[in-house]
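*Asks:* Handing over upload21.txt, compact mmCIF, C-alpha atoms and all ligand atoms.
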# COMPACT_ATOMS: atom_id res chain seq x y z
CA MET A 244 0.00 0.00 0.00
CA SER A 245 1.38 3.47 -0.87
CA LYS A 246 2.01 5.93 1.95
CA LEU A 247 -1.23 7.67 2.81
CA THR A 248 -1.41 11.40 3.30
CA ARG A 249 -4.66 11.22 5.23
CA SER A 250 -6.33 8.72 7.52
CA VAL A 251 -9.39 8.38 5.32
CA TRP A 252 -8.99 6.16 2.29
CA ALA A 253 -10.86 3.98 -0.19
CA GLU A 254 -9.24 0.66 -0.97
CA VAL A 255 -9.98 -0.51 -4.49
CA ASN A 256 -9.15 -4.12 -5.19
CA LEU A 257 -8.22 -4.28 -8.86
CA GLN A 258 -8.09 -8.07 -8.76
CA ASP A 259 -11.77 -8.05 -7.87
CA ILE A 260 -12.45 -5.73 -10.81
CA ALA A 261 -10.43 -8.08 -13.04
CA PHE A 262 -12.47 -11.02 -11.72
CA ASN A 263 -15.78 -9.23 -12.32
CA THR A 264 -14.69 -8.26 -15.84
CA GLN A 265 -13.79 -11.87 -16.64
CA GLN A 266 -17.09 -13.11 -15.21
CA ILE A 267 -19.06 -10.73 -17.40
CA ARG A 268 -16.85 -11.50 -20.41
CA ARG A 269 -17.63 -15.19 -20.03
CA LEU A 270 -21.36 -14.47 -19.82
CA ILE A 271 -21.55 -12.47 -23.05
CA GLY A 272 -19.93 -14.90 -25.48
CA ASP A 273 -18.96 -13.18 -28.71
CA SER A 274 -20.36 -9.76 -27.79
CA GLN A 275 -17.93 -6.99 -26.99
CA LEU A 276 -17.70 -5.48 -23.53
CA MET A 277 -17.85 -1.71 -23.14
CA ALA A 278 -16.70 -0.84 -19.62
CA VAL A 279 -18.53 2.17 -18.25
CA VAL A 280 -15.91 4.19 -16.36
CA LYS A 281 -17.77 7.49 -16.15
CA ALA A 282 -17.82 9.49 -12.91
CA ASN A 283 -14.30 8.34 -12.05
CA ALA A 284 -15.38 4.73 -12.59
CA TYR A 285 -18.29 5.13 -10.15
CA GLY A 286 -15.80 6.49 -7.63
CA HIS A 287 -13.26 3.68 -8.06
CA GLY A 288 -10.69 5.62 -10.15
CA ALA A 289 -11.12 5.83 -13.93
CA LEU A 290 -7.55 5.30 -15.07
CA GLU A 291 -6.72 2.31 -12.86
CA VAL A 292 -10.05 0.69 -13.66
CA ALA A 293 -9.61 1.37 -17.39
CA HIS A 294 -6.24 -0.40 -17.45
CA THR A 295 -7.67 -3.33 -15.48
CA VAL A 296 -10.81 -3.89 -17.56
CA LEU A 297 -8.95 -3.52 -20.86
CA ALA A 298 -6.45 -6.16 -19.72
CA ASN A 299 -9.30 -8.51 -18.79
CA GLY A 300 -11.59 -8.54 -21.78
CA ALA A 301 -13.19 -5.13 -22.25
CA SER A 302 -12.58 -3.60 -25.67
CA TRP A 303 -14.42 -0.28 -25.28
CA LEU A 304 -14.68 2.36 -22.57
CA ALA A 305 -17.55 4.72 -21.90
CA VAL A 306 -17.45 8.08 -20.14
CA ALA A 307 -20.16 10.64 -19.45
CA ILE A 308 -18.43 13.83 -20.57
CA PRO A 309 -15.63 14.63 -23.03
CA GLU A 310 -13.35 15.82 -20.22
CA GLU A 311 -13.34 12.29 -18.74
CA GLY A 312 -12.33 10.90 -22.12
CA VAL A 313 -9.62 13.52 -22.60
CA ARG A 314 -8.09 12.53 -19.25
CA LEU A 315 -7.94 8.90 -20.32
CA ARG A 316 -6.37 9.87 -23.65
CA ARG A 317 -3.78 12.09 -21.91
CA ALA A 318 -2.87 9.12 -19.71
CA GLY A 319 -2.16 7.10 -22.84
CA ILE A 320 -5.36 5.06 -23.19
CA ALA A 321 -5.78 4.31 -26.89
CA ALA A 322 -8.88 2.06 -26.67
CA PRO A 323 -12.08 3.28 -28.31
CA ILE A 324 -14.09 5.56 -26.02
CA LEU A 325 -17.75 6.56 -26.27
CA VAL A 326 -19.06 9.71 -24.58
CA LEU A 327 -22.48 8.63 -23.31
CA GLY A 328 -23.67 12.04 -22.15
CA ALA A 329 -24.92 15.04 -24.06
CA VAL A 330 -22.15 16.74 -26.05
CA GLY A 331 -22.72 20.44 -26.62
CA PRO A 332 -21.60 22.37 -29.73
CA GLU A 333 -18.55 23.72 -27.87
CA GLU A 334 -17.42 20.18 -26.98
CA VAL A 335 -17.55 18.67 -30.46
CA GLU A 336 -14.06 19.69 -31.55
CA VAL A 337 -12.27 18.10 -28.62
CA CYS A 338 -14.18 14.86 -29.21
CA VAL A 339 -13.11 14.67 -32.85
CA ALA A 340 -9.54 15.74 -32.06
CA LYS A 341 -9.19 13.16 -29.29
CA ASP A 342 -10.99 10.41 -31.14
CA LEU A 343 -13.88 10.22 -28.67
CA ALA A 344 -17.06 8.80 -30.20
CA VAL A 345 -20.07 11.05 -29.63
CA THR A 346 -23.59 9.99 -28.65
CA LEU A 347 -25.63 11.56 -31.44
CA TYR A 348 -29.37 12.25 -31.60
CA GLU A 349 -29.54 15.86 -32.80
CA PRO A 350 -29.37 17.12 -36.41
CA GLN A 351 -27.62 20.32 -35.28
CA ILE A 352 -24.78 18.42 -33.60
CA ALA A 353 -24.54 16.13 -36.64
CA ARG A 354 -23.88 19.16 -38.85
CA ILE A 355 -21.27 20.55 -36.43
CA LEU A 356 -19.59 17.15 -36.33
CA ALA A 357 -19.43 17.02 -40.14
CA ASN A 358 -17.96 20.55 -40.30
CA THR A 359 -15.42 19.74 -37.60
CA ALA A 360 -14.43 16.53 -39.37
CA ARG A 361 -13.73 18.55 -42.51
CA LYS A 362 -11.78 21.20 -40.57
CA LEU A 363 -9.64 18.64 -38.71
CA GLN A 364 -9.40 16.26 -41.66
CA LYS A 365 -10.45 13.49 -39.33
CA ALA A 366 -13.49 11.22 -39.14
CA ALA A 367 -16.04 12.15 -36.48
CA LYS A 368 -17.16 8.91 -34.85
CA VAL A 369 -20.68 8.62 -33.56
CA HIS A 370 -23.07 6.16 -31.95
CA ILE A 371 -26.65 7.16 -32.64
CA LYS A 372 -28.88 6.91 -29.61
CA VAL A 373 -32.48 5.83 -29.97
CA ASP A 374 -34.98 6.68 -27.25
CA THR A 375 -37.17 3.61 -26.89
CA GLY A 376 -38.72 4.60 -23.58
CA MET A 377 -36.16 6.07 -21.19
CA SER A 378 -37.30 9.58 -22.17
CA ARG A 379 -33.82 10.96 -21.68
CA LEU A 380 -31.31 11.34 -24.55
CA GLY A 381 -32.07 9.87 -27.95
CA ILE A 382 -33.98 10.29 -31.17
CA PRO A 383 -37.50 8.84 -30.71
CA ASP A 384 -37.62 5.32 -32.14
CA GLY A 385 -40.28 6.34 -34.68
CA ALA A 386 -37.93 8.90 -36.24
CA ALA A 387 -34.71 6.94 -35.75
CA VAL A 388 -34.35 5.15 -39.09
CA GLU A 389 -34.74 8.35 -41.11
CA PHE A 390 -32.26 10.17 -38.86
CA ILE A 391 -29.70 7.36 -39.04
CA ARG A 392 -29.97 7.29 -42.84
CA SER A 393 -29.44 11.05 -43.04
CA VAL A 394 -26.43 10.97 -40.70
CA ALA A 395 -24.86 8.08 -42.61
CA ARG A 396 -24.95 10.28 -45.74
CA LEU A 397 -23.04 13.15 -44.08
CA PRO A 398 -19.40 13.36 -45.18
CA GLY A 399 -16.80 12.92 -42.46
CA ILE A 400 -19.12 11.12 -40.05
CA GLU A 401 -18.52 7.49 -39.26
CA VAL A 402 -21.55 5.80 -37.74
CA GLN A 403 -19.91 3.20 -35.53
CA GLY A 404 -22.98 2.19 -33.62
CA VAL A 405 -26.67 2.52 -32.84
CA PHE A 406 -27.87 2.06 -29.29
CA THR A 407 -30.62 2.46 -26.77
CA HIS A 408 -30.80 2.49 -22.98
CA PHE A 409 -33.22 0.59 -20.77
CA ALA A 410 -35.16 2.42 -18.08
CA ASP A 411 -36.20 -0.52 -15.91
CA ALA A 412 -33.90 -3.47 -16.63
CA GLU A 413 -33.31 -4.20 -12.93
CA ASN A 414 -37.01 -4.81 -12.32
CA PRO A 415 -37.77 -8.55 -11.94
CA ASN A 416 -40.94 -7.78 -13.88
CA GLN A 417 -39.47 -7.42 -17.38
CA GLU A 418 -42.59 -6.07 -19.05
CA TYR A 419 -41.20 -2.59 -19.75
CA LEU A 420 -37.80 -4.00 -20.69
CA HIS A 421 -39.45 -6.17 -23.35
CA TRP A 422 -41.52 -3.24 -24.53
CA GLN A 423 -38.38 -1.13 -25.09
CA TRP A 424 -36.53 -4.08 -26.58
CA GLN A 425 -39.22 -4.62 -29.23
CA ARG A 426 -38.97 -0.99 -30.25
CA PHE A 427 -35.21 -1.20 -30.62
CA GLU A 428 -35.38 -4.52 -32.48
CA ARG A 429 -37.77 -2.93 -34.95
CA VAL A 430 -35.30 -0.10 -35.64
CA ILE A 431 -32.43 -2.55 -36.17
CA ALA A 432 -34.53 -4.80 -38.42
CA THR A 433 -35.62 -1.86 -40.58
CA LEU A 434 -32.03 -0.67 -41.00
CA LYS A 435 -30.99 -4.17 -42.00
CA ARG A 436 -33.86 -4.48 -44.45
CA ASP A 437 -32.86 -1.16 -46.02
CA GLY A 438 -29.23 -2.23 -46.33
CA VAL A 439 -27.91 0.34 -43.83
CA HIS A 440 -24.97 -1.42 -42.23
CA ILE A 441 -24.37 -0.58 -38.56
CA PRO A 442 -21.16 -2.14 -37.21
CA CYS A 443 -22.19 -2.18 -33.56
CA CYS A 444 -25.70 -2.31 -32.07
CA HIS A 445 -25.92 -2.20 -28.29
CA ALA A 446 -28.48 -1.88 -25.54
CA ALA A 447 -27.69 -3.80 -22.35
CA ASN A 448 -26.53 -2.26 -19.08
CA THR A 449 -25.51 -4.50 -16.16
CA ALA A 450 -29.04 -5.64 -15.30
CA ALA A 451 -29.95 -6.49 -18.89
CA THR A 452 -26.58 -8.20 -19.37
CA LEU A 453 -27.30 -10.41 -16.36
CA PHE A 454 -31.00 -11.07 -16.82
CA PHE A 455 -31.83 -10.55 -20.49
CA PRO A 456 -29.18 -12.28 -22.63
CA GLU A 457 -31.19 -11.68 -25.80
CA SER A 458 -30.20 -8.02 -25.53
CA HIS A 459 -26.41 -8.62 -25.63
CA LEU A 460 -26.29 -7.87 -29.38
CA ASP A 461 -22.82 -6.78 -30.63
CA MET A 462 -21.81 -5.17 -27.35
CA VAL A 463 -22.95 -4.68 -23.74
CA ARG A 464 -22.32 -1.52 -21.70
CA VAL A 465 -21.55 -2.54 -18.16
CA GLY A 466 -20.72 -0.29 -15.23
CA LEU A 467 -22.14 -1.41 -11.89
CA GLY A 468 -21.29 -5.10 -12.29
CA LEU A 469 -17.61 -4.37 -12.95
CA TYR A 470 -17.41 -2.84 -9.50
CA GLY A 471 -19.02 -5.90 -7.94
CA MET A 472 -22.33 -4.28 -7.11
CA TYR A 473 -25.64 -5.86 -8.00
CA PRO A 474 -28.54 -4.08 -9.68
CA ASN A 475 -31.48 -4.13 -7.32
CA GLY A 476 -29.64 -6.61 -5.09
CA ARG A 477 -29.66 -9.47 -7.62
CA SER A 478 -27.14 -11.10 -9.91
CA SER A 479 -27.02 -14.24 -12.02
CA ILE A 480 -23.25 -14.60 -11.51
CA PRO A 481 -21.05 -14.03 -8.44
CA LEU A 482 -19.31 -10.65 -8.45
CA LYS A 483 -16.96 -9.19 -5.86
CA PRO A 484 -17.46 -5.68 -4.44
CA ALA A 485 -14.15 -3.97 -5.12
CA LEU A 486 -14.30 -0.92 -2.89
CA SER A 487 -13.78 -0.52 0.85
CA LEU A 488 -13.93 2.79 2.70
CA LYS A 489 -11.82 3.12 5.82
CA THR A 490 -10.60 5.56 8.41
CA ARG A 491 -8.96 5.58 11.86
CA ILE A 492 -10.24 6.79 15.22
CA ALA A 493 -9.08 10.40 15.61
CA ALA A 494 -10.18 10.99 19.22
CA LEU A 495 -11.97 9.27 22.11
CA LYS A 496 -13.99 10.84 24.87
CA ARG A 497 -15.83 9.59 27.90
CA VAL A 498 -19.07 11.51 28.46
CA PRO A 499 -21.77 11.23 31.14
CA ALA A 500 -25.37 10.21 30.52
CA GLY A 501 -27.44 13.10 29.16
CA THR A 502 -24.69 14.55 26.90
CA PRO A 503 -25.91 15.99 23.58
CA VAL A 504 -23.84 14.93 20.57
CA SER A 505 -23.03 16.96 17.42
CA TYR A 506 -24.97 19.73 15.61
CA GLY A 507 -28.59 20.13 16.56
CA CYS A 508 -28.14 17.90 19.63
CA THR A 509 -30.22 15.23 17.89
CA TYR A 510 -28.68 12.48 20.01
CA VAL A 511 -28.35 12.56 23.77
CA THR A 512 -26.40 9.81 25.54
CA TRP A 513 -28.66 7.73 27.76
CA LYS A 514 -25.80 6.39 29.89
CA ASP A 515 -22.17 7.13 30.59
CA THR A 516 -20.58 6.38 27.23
CA THR A 517 -17.34 6.36 25.27
CA LEU A 518 -17.56 8.16 21.94
CA ALA A 519 -15.07 7.90 19.07
CA VAL A 520 -14.59 10.80 16.67
CA LEU A 521 -13.86 9.76 13.08
CA PRO A 522 -12.14 12.20 10.69
CA ILE A 523 -14.63 11.63 7.87
CA GLY A 524 -17.78 13.56 7.05
CA TYR A 525 -20.20 14.44 4.33
CA ALA A 526 -17.52 16.30 2.35
CA ASP A 527 -15.89 12.90 1.92
CA GLY A 528 -19.12 11.25 0.80
CA LEU A 529 -20.36 9.97 4.14
CA SER A 530 -23.87 11.26 3.69
CA ARG A 531 -25.55 13.24 6.44
CA LYS A 532 -28.47 10.87 5.90
CA LEU A 533 -26.49 8.27 7.88
CA SER A 534 -26.86 10.47 10.99
CA ASN A 535 -28.31 8.41 13.84
CA ILE A 536 -29.03 5.57 11.37
CA GLY A 537 -25.87 3.95 10.03
CA HIS A 538 -23.07 2.16 11.78
CA VAL A 539 -19.37 1.47 11.20
CA LEU A 540 -17.25 -1.57 12.03
CA ILE A 541 -14.37 -1.60 14.49
CA ALA A 542 -12.64 -4.97 14.98
CA GLY A 543 -15.65 -6.60 13.35
CA GLN A 544 -18.12 -4.99 15.78
CA PRO A 545 -20.90 -2.62 14.67
CA CYS A 546 -20.68 0.84 16.26
CA PRO A 547 -23.67 3.14 15.70
CA ILE A 548 -23.28 6.62 14.27
CA VAL A 549 -24.62 9.00 16.91
CA GLY A 550 -25.72 12.55 16.22
CA LYS A 551 -25.46 14.38 12.92
CA VAL A 552 -22.67 13.53 10.49
CA THR A 553 -20.75 16.79 10.02
CA MET A 554 -18.71 18.03 7.07
CA ASP A 555 -15.41 16.58 8.26
CA HIS A 556 -16.21 14.43 11.30
CA THR A 557 -18.56 11.70 12.45
CA ILE A 558 -19.11 10.42 15.96
CA VAL A 559 -19.76 6.78 16.82
CA ASP A 560 -20.62 5.01 20.06
CA VAL A 561 -17.82 2.61 21.06
CA ASP A 562 -18.84 2.02 24.65
CA HIS A 563 -19.02 -1.76 24.12
CA LEU A 564 -15.45 -2.02 22.79
CA PRO A 565 -11.88 -1.65 24.01
CA VAL A 566 -10.56 0.83 21.43
CA SER A 567 -7.63 3.21 21.00
CA VAL A 568 -6.98 6.31 18.95
CA GLY A 569 -5.62 5.15 15.57
CA ASP A 570 -7.68 1.95 15.42
CA GLU A 571 -8.95 1.11 11.93
CA VAL A 572 -12.60 1.75 11.20
CA VAL A 573 -14.43 0.17 8.26
CA LEU A 574 -17.26 2.21 6.78
CA ILE A 575 -17.77 0.06 3.68
CA GLY A 576 -16.19 -3.38 3.41
CA SER A 577 -15.37 -6.32 5.65
CA SER A 578 -14.08 -6.33 9.21
CA GLY A 579 -13.65 -9.75 10.74
CA GLN A 580 -16.76 -11.77 9.96
CA THR A 581 -18.92 -8.68 9.49
CA LYS A 582 -19.38 -6.38 6.53
CA ILE A 583 -21.08 -3.22 5.43
CA THR A 584 -21.96 -2.91 1.75
CA ALA A 585 -22.78 -0.01 -0.54
CA ASP A 586 -26.27 -1.51 -0.54
CA ASP A 587 -26.48 -1.05 3.24
CA TRP A 588 -25.55 2.60 2.81
CA ALA A 589 -28.07 2.90 -0.03
CA ARG A 590 -30.81 1.59 2.27
CA TRP A 591 -29.80 3.98 5.05
CA MET A 592 -29.67 6.88 2.59
CA ASP A 593 -32.81 5.93 0.69
CA THR A 594 -30.88 5.80 -2.59
CA ILE A 595 -29.11 3.26 -4.83
CA ASN A 596 -25.64 1.71 -4.58
CA TYR A 597 -24.51 3.69 -7.68
CA GLU A 598 -24.86 6.96 -5.80
CA VAL A 599 -23.04 5.68 -2.72
CA THR A 600 -19.70 5.05 -4.43
CA CYS A 601 -20.04 8.05 -6.79
CA LEU A 602 -20.38 10.31 -3.75
CA ILE A 603 -16.98 9.32 -2.30
CA SER A 604 -15.22 12.59 -2.98
CA SER A 605 -11.82 13.41 -4.46
CA ARG A 606 -10.65 14.25 -0.91
CA VAL A 607 -10.58 10.52 -0.19
CA GLU A 608 -7.37 8.94 -1.38
CA ARG A 609 -7.81 5.81 -3.52
CA VAL A 610 -5.44 3.02 -2.64
CA TYR A 611 -5.10 0.17 -5.14
CA THR A 612 -4.56 -3.35 -3.87
C1 LIG A 701 -26.26 5.03 -21.40
C2 LIG A 701 -25.71 4.14 -20.33
N1 LIG A 701 -25.31 2.91 -20.64
C3 LIG A 701 -24.82 2.05 -19.72
C4 LIG A 701 -24.72 2.43 -18.39
C5 LIG A 701 -24.19 1.45 -17.38
O1 LIG A 701 -25.18 1.05 -16.49
P1 LIG A 701 -24.87 0.01 -15.33
O2 LIG A 701 -23.94 0.70 -14.39
O3 LIG A 701 -26.20 -0.28 -14.73
O4 LIG A 701 -24.24 -1.17 -15.96
C6 LIG A 701 -25.15 3.70 -18.01
C7 LIG A 701 -25.08 4.09 -16.60
O5 LIG A 701 -25.72 4.91 -16.08
C8 LIG A 701 -25.65 4.59 -19.00
O6 LIG A 701 -26.05 5.81 -18.69
What is this structure when it is put down as structure tokens?
Ligand SMILES: Cc1ncc(COP(=O)(O)O)c(C=O)c1O
*Replies:*
Amino acid sequence: MSKLTRSVWAEVNLQDIAFNTQQIRRLIGDSQLMAVVKANAYGHGALEVAHTVLANGASWLAVAIPEEGVRLRRAGIAAPILVLGAVGPEEVEVCVAKDLAVTLYEPQIARILANTARKLQKAAKVHIKVDTGMSRLGIPDGAAVEFIRSVARLPGIEVQGVFTHFADAENPNQEYLHWQWQRFERVIATLKRDGVHIPCCHAANTAATLFFPESHLDMVRVGLGLYGMYPNGRSSIPLKPALSLKTRIAALKRVPAGTPVSYGCTYVTWKDTTLAVLPIGYADGLSRKLSNIGHVLIAGQPCPIVGKVTMDHTIVDVDHLPVSVGDEVVLIGSSGQTKITADDWARWMDTINYEVTCLISSRVERVYT
């Protein structure tokens, strides 16, 4: 482990990410694997994850914004990269210059791409996004074929792919998934019938990759599963959660019964108690929603968070344990026989596991094991 500059750190096990990548690779047969490394690889570290997934069977990367792709390029990543998010007119040039494929659904951006391709004497690569029911980005499926045909005719634009995104793939009831799938299949079939060749059609996120193999097509776009988290708590294959969040006890104090704890005095000790102060707070990604709800692990023992989580500190009750300043504290991960998962945090925070790891801020050093 490298020397830490702060006693709050996230351990990211790249062997677990390699394992998860191989597991998914095995599941998808001949389809390609696009590893979704947007948002700093869901908090795990985009560059380290990119190297790991590319060495273990992924052939594409996906980011949300051009800046994330530029960082990967600057670090020497040559693999194809798709920008999944909306690319504005001012961002087109950097995408073409850095060979980042653009998610395209807008005639105006198509024209700017063609002009930029001419200016830079370089093909502008695009994947055309079809909205089959997510109601976010994408050309509506009814207008998609005409749009794809018109883009394919534009000089300088290389249509590498056509894709859609599922809104409800993690739902055990697959009714809406099938509904969207039929719409996308119809678009693909019409393009084929009309002789419009699309090299790469893709649709599946982690949940669809796991539970709807029919949707694997030429490529799957997997994020969550690479990090060992399950969509909606379910998986068809074993995956290993790769991230642990840890800190050390910064201070201990013995307080009498009736002592208010932290901002707003929302917790009052009901007996003489030992409290441990942890040097991690909501600015690190430990949500204030865990106040008086969540717990941490010290030597495998759960210790409840008492009072409000503050920006830089959190207080836990350690009265049942013999502890010392400097003892390791696990916030996410295993400690002895016990563990806390991103799903536990998600339940405490009333959110999803995706948000939990994305919220771990840049202030928290990532340590790769
Ligand atoms: C367009 C698109 N494709 C694929 C993914 C990956 O989804 P997941 O992390 O569920 O695999 C995302 C993630 O939000 C996305 O926005």
*Asks:* Enter the distance from atom CA of Ala542 of chain A to atom CA of Lys582 of chain A, in Å, rounded to one decimal.
*Replies:* 10.9 Å
*Asks:* Using all atoms listed in the file, what are the residues with an atom within 7 Å of ligand LIG 701 (chain A), set out as number ranges by chain?
*Replies:* A: 279, 327, 408, 448-450, 464-468, 474
*Asks:* Compute the distance from (-39.6, 7.1, -23.0) to each atom, counting only C-alpha atoms, keep the residues with any atom at most 12 Å away, and return them as a list in words; use the coordinates of the file.
*Replies:* Val373, Asp374, Thr375, Gly376, Met377, Ser378, Arg379, Leu380, Gly381, Ile382, Pro383, Asp384, Gly385, Thr407, His408, Phe409, Ala410, Asp411, Tyr419, Leu420, Trp422, Gln423 and Arg426 of chain A
*Asks:* Write out as a list of chain:residue names the residues lying within 10 Å of Gly288 of chain A, counting only C-alpha atoms and excluding same-chain residues fewer than 2 positions away.
*Replies:*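 Skipping anything fewer than 2 positions along the chain leaves A:Val255, A:Val280, A:Lys281, A:Ala282, A:Asn283, A:Ala284, A:Tyr285, A:Gly286, A:Leu290, A:Glu291, A:Val292, A:Ala293, A:Ser605, A:Glu608, A:Arg609, A:Val610, A:Tyr611.
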*Asks:* To one decimal place, how far is atom CA of Pro565 of chain A from atom CA of Val498 of chain A in Å?
*Replies:*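 Spanning atom CA of Pro565 of chain A to atom CA of Val498 of chain A is a straight-line distance of 15.6 Å.
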*Asks:* Taking into account all atoms listed in the file, which residue in the set A:Arg354, A:Gly579, A:Asp461, A:Ala278 is nearest to Ala322 of chain A?
*Replies:*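 Of all the options, A:Ala278 lies closest to Ala322 of chain A.
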*Asks:* What's around segment 263-274 of chain A at 9 Å? Count all atoms listed in the file, leave out sequence neighbours fewer than 4 positions away in its own chain, and write the answer as a VMD selection string.
*Replies:* chain A and resid 258 to 259 278 295 to 297 299 to 301 452 to 453 456 459 to 463 465 468 to 471 480 to 484
*Asks:* So, with all atoms listed in the file as the atoms that count, which of A:Val504, A:Val568, A:Val439, A:Ala261 lies closest to Ile548 of chain A?
*Replies:*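 For Ile548 of chain A, the nearest of the given residues is A:Val504.
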*Asks:* Please provide as a list in words all residues within 12 Å of Lys496 of chain A, with the sequence filter that same-chain residues fewer than 6 positions apart are discarded (counting all atoms listed in the file).
*Replies:* Thr502, Val504, Asp515, Thr516, Thr517, Leu518, Ala519, Val520, Leu521, Ile558, Val559, Asp560, Val561, Asp562, Val566, Ser567 and Val568 of chain A
*Asks:* Output the selection as a PDB file, in the coordinates of the input - C-alpha atoms for each residue.
*Replies:*
ATOM      1  CA  THR A 502     -24.690  14.550  26.900  1.00  0.00           C
ATOM      2  CA  VAL A 504     -23.840  14.930  20.570  1.00  0.00           C
ATOM      3  CA  ASP A 515     -22.170   7.130  30.590  1.00  0.00           C
ATOM      4  CA  THR A 516     -20.580   6.380  27.230  1.00  0.00           C
ATOM      5  CA  THR A 517     -17.340   6.360  25.270  1.00  0.00           C
ATOM      6  CA  LEU A 518     -17.560   8.160  21.940  1.00  0.00           C
ATOM      7  CA  ALA A 519     -15.070   7.900  19.070  1.00  0.00           C
ATOM      8  CA  VAL A 520     -14.590  10.800  16.670  1.00  0.00           C
ATOM      9  CA  LEU A 521     -13.860   9.760  13.080  1.00  0.00           C
ATOM     10  CA  ILE A 558     -19.110  10.420  15.960  1.00  0.00           C
ATOM     11  CA  VAL A 559     -19.760   6.780  16.820  1.00  0.00           C
ATOM     12  CA  ASP A 560     -20.620   5.010  20.060  1.00  0.00           C
ATOM     13  CA  VAL A 561     -17.820   2.610  21.060  1.00  0.00           C
ATOM     14  CA  ASP A 562     -18.840   2.020  24.650  1.00  0.00           C
ATOM     15  CA  VAL A 566     -10.560   0.830  21.430  1.00  0.00           C
ATOM     16  CA  SER A 567      -7.630   3.210  21.000  1.00  0.00           C
ATOM     17  CA  VAL A 568      -6.980   6.310  18.950  1.00  0.00           C
TER      18      VAL A 568
END
*Asks:* Between A:Leu276, A:Leu529, A:Ile371, A:Ala305, which is the closest to Ile400 of chain A once you count all atoms listed in the file?
*Replies:*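 Closest candidate: A:Ile371.
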*Asks:* Listed atoms of segment 246-250 of chain A, axis-aligned box, 5 Å per side: centre and edge lengths to one decimal in Å, as JSON?
*Replies:*
{"center_x": -2.2, "center_y": 8.7, "center_z": 4.7, "size_x": 18.3, "size_y": 15.5, "size_z": 15.6}
*Asks:* Give me the residues near Gly404 of chain A as a PDB file with C-alpha atoms, keeping the file's coordinate frame, where near means some atom within 6 Å (using all atoms listed in the file) and where sequence neighbours in that chain fewer than 4 positions away do not count.
*Replies:*
ATOM      1  CA  HIS A 370     -23.070   6.160 -31.950  1.00  0.00           C
ATOM      2  CA  ILE A 441     -24.370  -0.580 -38.560  1.00  0.00           C
ATOM      3  CA  PRO A 442     -21.160  -2.140 -37.210  1.00  0.00           C
ATOM      4  CA  CYS A 443     -22.190  -2.180 -33.560  1.00  0.00           C
ATOM      5  CA  CYS A 444     -25.700  -2.310 -32.070  1.00  0.00           C
TER       6      CYS A 444
END
*Asks:* When you look at Asn596 of chain A with a cut-off of 7 Å (counting only C-alpha atoms), what residues show up, excluding the ones that are within fewer than 4 positions of it in the same chain? I need them as a list in words.
*Replies:*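 Within the cut-off, the hits are Ala585, Asp586, Ala589 and Thr600 of chain A.
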*Asks:* Go through A:Gln351, A:Thr346, A:Ser604, A:Gln275 one by one, measure the shortest atom-to-atom distance of each to His445 of chain A using only C-alpha atoms, and give the residue with the smallest value.
*Replies:*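 Looking at the shortest contact to His445 of chain A, the residue is A:Gln275.
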*Asks:* Provide the atom CA of Ala357 of chain A to atom CA of Val388 of chain A distance in Å, to one decimal place.
*Replies:*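 Interatomic distance, atom CA of Ala357 of chain A to atom CA of Val388 of chain A: 19.1 Å.
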*Asks:* So, with only C-alpha atoms as the atoms that count, which of A:Met592, A:Val326, A:Val539, A:Ala432 lies closest to Glu311 of chain A?
*Replies:* A:Val326
*Asks:* With distances taken over only C-alpha atoms, which residue among A:Val607, A:Val339, A:Ile523, A:Leu574 lies nearest Gly399 of chain A?
*Replies:*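 Residue with the minimum atom-to-atom distance to Gly399 of chain A: A:Val339.
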